[in-house]
Amino acid sequence: QVQLVESGGGLVQPGGSLTLSCAASGFTLDYTVIAWFRQAPGKEREGVACISSSDDSIYYTDSVKGRFTIARGNAKNTVFLQMNSLKPEDTAVYYCAVGEDRGTDTYYIYGLDPGGMDYWGKGTLVTVSS
């Protein structure tokens with residue numbers, strides 16, 4: 001049974017940092033991508049970053065480039081999202097998801113589509129506020 005469990009959310013002041021973790025189990029990693037999405041109140045779910053299980057290639061949406069870093073843990077089924085220089089507009093529920101790897105070239109052209117993901121975690125809330 002596929003399980004994705006996120007942790008690490010919380011309240012942080014603008015300019016601060018948080019690290020989110022996603023522990024994934026119950027599926028084979030070949031040709032999959034592990035991704036982070038976020039959804040702010042009243043907004044659509046947005047693809048933030050992803051990492052390929054086959055070649056560790058990485059995608060970031062423009063709004064987080066230079067501030068967020070996605071990386072695998074020593075256990076290959078664990079993925080972290082290090083978030084620095086956080087802004088109030090980063091406030092959202094952050095979700096971990098797994099889907100078929102379509103290649104970072106595709107993501108940079110078309111974006112990271114929630115519809116391309118097969119499994120989702122329950123999410124962790126990140127609030128950036130003073």
# chains A, B, ... in the order shown; residues from 1 in each chain; ligands from 1
>>> residues_around(residues="Gly8 of chain A", least_positions_apart="4", cutoff="7 Å", atoms="only C-alpha atoms", output="mmCIF file with N, CA, C and O atoms, in the first residue's frame")
data_model
loop_
_atom_site.group_PDB
_atom_site.id
_atom_site.type_symbol
_atom_site.label_atom_id
_atom_site.label_comp_id
_atom_site.auth_asym_id
_atom_site.auth_seq_id
_atom_site.Cartn_x
_atom_site.Cartn_y
_atom_site.Cartn_z
ATOM 1 N N THR A 19 12.229 23.066 7.068
ATOM 2 C CA THR A 19 12.520 21.903 6.241
ATOM 3 C C THR A 19 11.370 20.923 6.345
ATOM 4 O O THR A 19 11.022 20.475 7.443
ATOM 5 N N LEU A 20 10.777 20.607 5.217
ATOM 6 C CA LEU A 20 9.719 19.617 5.144
ATOM 7 C C LEU A 20 10.312 18.262 4.775
ATOM 8 O O LEU A 20 11.278 18.189 4.014
ATOM 9 N N SER A 21 9.708 17.199 5.295
ATOM 10 C CA SER A 21 10.138 15.842 4.982
ATOM 11 C C SER A 21 8.969 15.056 4.422
ATOM 12 O O SER A 21 7.826 15.254 4.819
#
>>> select_by_dssp(residues="segment 20-116 of chain A", states="strand (DSSP E)", output="ChimeraX atom specification")
/A:20-25,32-39,46-52,58-60,68-72,78-83,92-100
>>> residues_around(residues="Ser85 of chain A", least_positions_apart="6", cutoff="8 Å", atoms="only C-alpha atoms", output="PyMOL selection string")
chain A and resi 14-17+67
>>> write_last_selection(atoms="C-alpha atoms", output="PDB file, in the first residue's frame")
ATOM      1  CA  PRO A  14       9.168  36.120   7.071  1.00  0.00           C
ATOM      2  CA  GLY A  15      12.769  35.493   6.102  1.00  0.00           C
ATOM      3  CA  GLY A  16      12.908  32.337   8.171  1.00  0.00           C
ATOM      4  CA  SER A  17      13.478  28.720   7.184  1.00  0.00           C
ATOM      5  CA  ARG A  67      15.141  29.822  -2.011  1.00  0.00           C
TER       6      ARG A  67
END
>>> residues_around(residues="Asp62 of chain A", least_positions_apart="2", cutoff="12 Å", atoms="only C-alpha atoms", output="list of chain:residue names")
A:Glu46, A:Gly47, A:Val48, A:Ala49, A:Tyr59, A:Tyr60, A:Val64, A:Lys65, A:Gly66, A:Arg67, A:Phe68, A:Tyr107, A:Tyr108, A:Ile109, A:Gly111, A:Leu112
>>> residues_around(residues="Asp90 of chain A", least_positions_apart="2", cutoff="12 Å", atoms="only C-alpha atoms", output="PDB file with C-alpha atoms, in the first residue's frame")
ATOM      1  CA  GLY A   9       5.347  22.329   8.719  1.00  0.00           C
ATOM      2  CA  GLY A  10       4.698  25.125  11.179  1.00  0.00           C
ATOM      3  CA  LEU A  11       4.673  28.843  11.816  1.00  0.00           C
ATOM      4  CA  VAL A  12       7.720  30.844  10.783  1.00  0.00           C
ATOM      5  CA  GLN A  13       8.477  34.558  10.463  1.00  0.00           C
ATOM      6  CA  PRO A  14       9.168  36.120   7.071  1.00  0.00           C
ATOM      7  CA  GLY A  15      12.769  35.493   6.102  1.00  0.00           C
ATOM      8  CA  GLY A  16      12.908  32.337   8.171  1.00  0.00           C
ATOM      9  CA  SER A  17      13.478  28.720   7.184  1.00  0.00           C
ATOM     10  CA  LEU A  18      11.709  25.387   7.443  1.00  0.00           C
ATOM     11  CA  PHE A  37       2.932  20.811  -4.278  1.00  0.00           C
ATOM     12  CA  ARG A  38       1.276  23.549  -2.279  1.00  0.00           C
ATOM     13  CA  GLN A  39      -2.199  24.952  -2.043  1.00  0.00           C
ATOM     14  CA  ALA A  40      -3.022  28.294  -0.496  1.00  0.00           C
ATOM     15  CA  PRO A  41      -6.578  29.147   0.577  1.00  0.00           C
ATOM     16  CA  GLU A  46       0.688  24.493  -7.473  1.00  0.00           C
ATOM     17  CA  VAL A  48       6.713  23.578  -6.312  1.00  0.00           C
ATOM     18  CA  SER A  63       8.761  31.547  -7.540  1.00  0.00           C
ATOM     19  CA  VAL A  64      10.924  29.318  -5.324  1.00  0.00           C
ATOM     20  CA  ARG A  67      15.141  29.822  -2.011  1.00  0.00           C
ATOM     21  CA  PHE A  68      13.954  26.193  -1.891  1.00  0.00           C
ATOM     22  CA  MET A  83      12.761  26.343   2.403  1.00  0.00           C
ATOM     23  CA  ASN A  84      14.752  29.507   3.054  1.00  0.00           C
ATOM     24  CA  SER A  85      13.915  33.208   2.865  1.00  0.00           C
ATOM     25  CA  LEU A  86      10.275  32.386   3.354  1.00  0.00           C
ATOM     26  CA  LYS A  87       7.670  34.948   2.353  1.00  0.00           C
ATOM     27  CA  PRO A  88       4.046  35.373   3.428  1.00  0.00           C
ATOM     28  CA  ALA A  92       0.022  27.049   2.101  1.00  0.00           C
ATOM     29  CA  VAL A  93      -0.598  23.407   2.799  1.00  0.00           C
ATOM     30  CA  TYR A  94       2.344  21.538   1.311  1.00  0.00           C
ATOM     31  CA  LEU A 125       0.632  23.449   6.870  1.00  0.00           C
ATOM     32  CA  VAL A 126       3.279  26.127   6.467  1.00  0.00           C
ATOM     33  CA  THR A 127       2.378  29.588   7.753  1.00  0.00           C
ATOM     34  CA  VAL A 128       4.709  32.513   7.150  1.00  0.00           C
ATOM     35  CA  SER A 129       3.671  35.435   9.288  1.00  0.00           C
TER      36      SER A 129
END
>>> closest_residue(among="A:Gln3, A:Thr124, A:Ser57, A:Asn74", to="Ala24 of chain A", atoms="only C-alpha atoms")
A:Gln3
>>> residues_around(residues="segment 114-122 of chain A", least_positions_apart="5", cutoff="8 Å", atoms="only C-alpha atoms", output="count of residues only")
15
>>> closest_residue(among="A:Glu44, A:Ala35, A:Glu89, A:Ser53", to="Cys22 of chain A", atoms="only C-alpha atoms")
A:Ala35
>>> atom_distance(atom1="atom CA of Thr32 of chain A", atom2="atom CA of Thr91 of chain A")
27.2 Å
>>> atom_distance(atom1="atom CA of Gly73 of chain A", atom2="atom CA of Cys50 of chain A")
13.8 Å
>>> closest_residue(among="A:Ile34, A:Leu81, A:Gly123, A:Lys76", to="Ser52 of chain A", atoms="only C-alpha atoms")
A:Ile34
>>> select_by_dssp(residues="chain A", states="alpha helix (DSSP H)", output="compact mmCIF listing (two decimals) with N, CA and C atoms, in the first residue's frame")
# COMPACT_ATOMS: atom_id res chain seq x y z
N THR A 104 12.36 16.39 -16.52
CA THR A 104 12.39 17.79 -16.10
C THR A 104 12.21 18.73 -17.28
N ASP A 105 12.62 18.35 -18.49
CA ASP A 105 12.36 19.20 -19.65
C ASP A 105 10.87 19.47 -19.80
N THR A 106 10.07 18.46 -19.61
CA THR A 106 8.62 18.61 -19.71
C THR A 106 8.10 19.53 -18.61
N TYR A 107 8.61 19.35 -17.41
CA TYR A 107 8.13 20.19 -16.30
C TYR A 107 8.50 21.65 -16.52
N TYR A 108 9.70 21.92 -17.04
CA TYR A 108 10.11 23.30 -17.24
C TYR A 108 9.32 23.95 -18.38
N ILE A 109 8.80 23.16 -19.29
CA ILE A 109 7.98 23.72 -20.37
C ILE A 109 6.53 23.87 -19.94
N TYR A 110 5.99 22.82 -19.33
CA TYR A 110 4.55 22.78 -19.06
C TYR A 110 4.19 22.96 -17.59
>>> closest_residue(among="A:Ala23, A:Gln1, A:Asp55, A:Thr61", to="Thr78 of chain A", atoms="only C-alpha atoms")
A:Ala23
>>> atom_distance(atom1="atom CA of Ser54 of chain A", atom2="atom CA of Ser7 of chain A")
24.3 Å
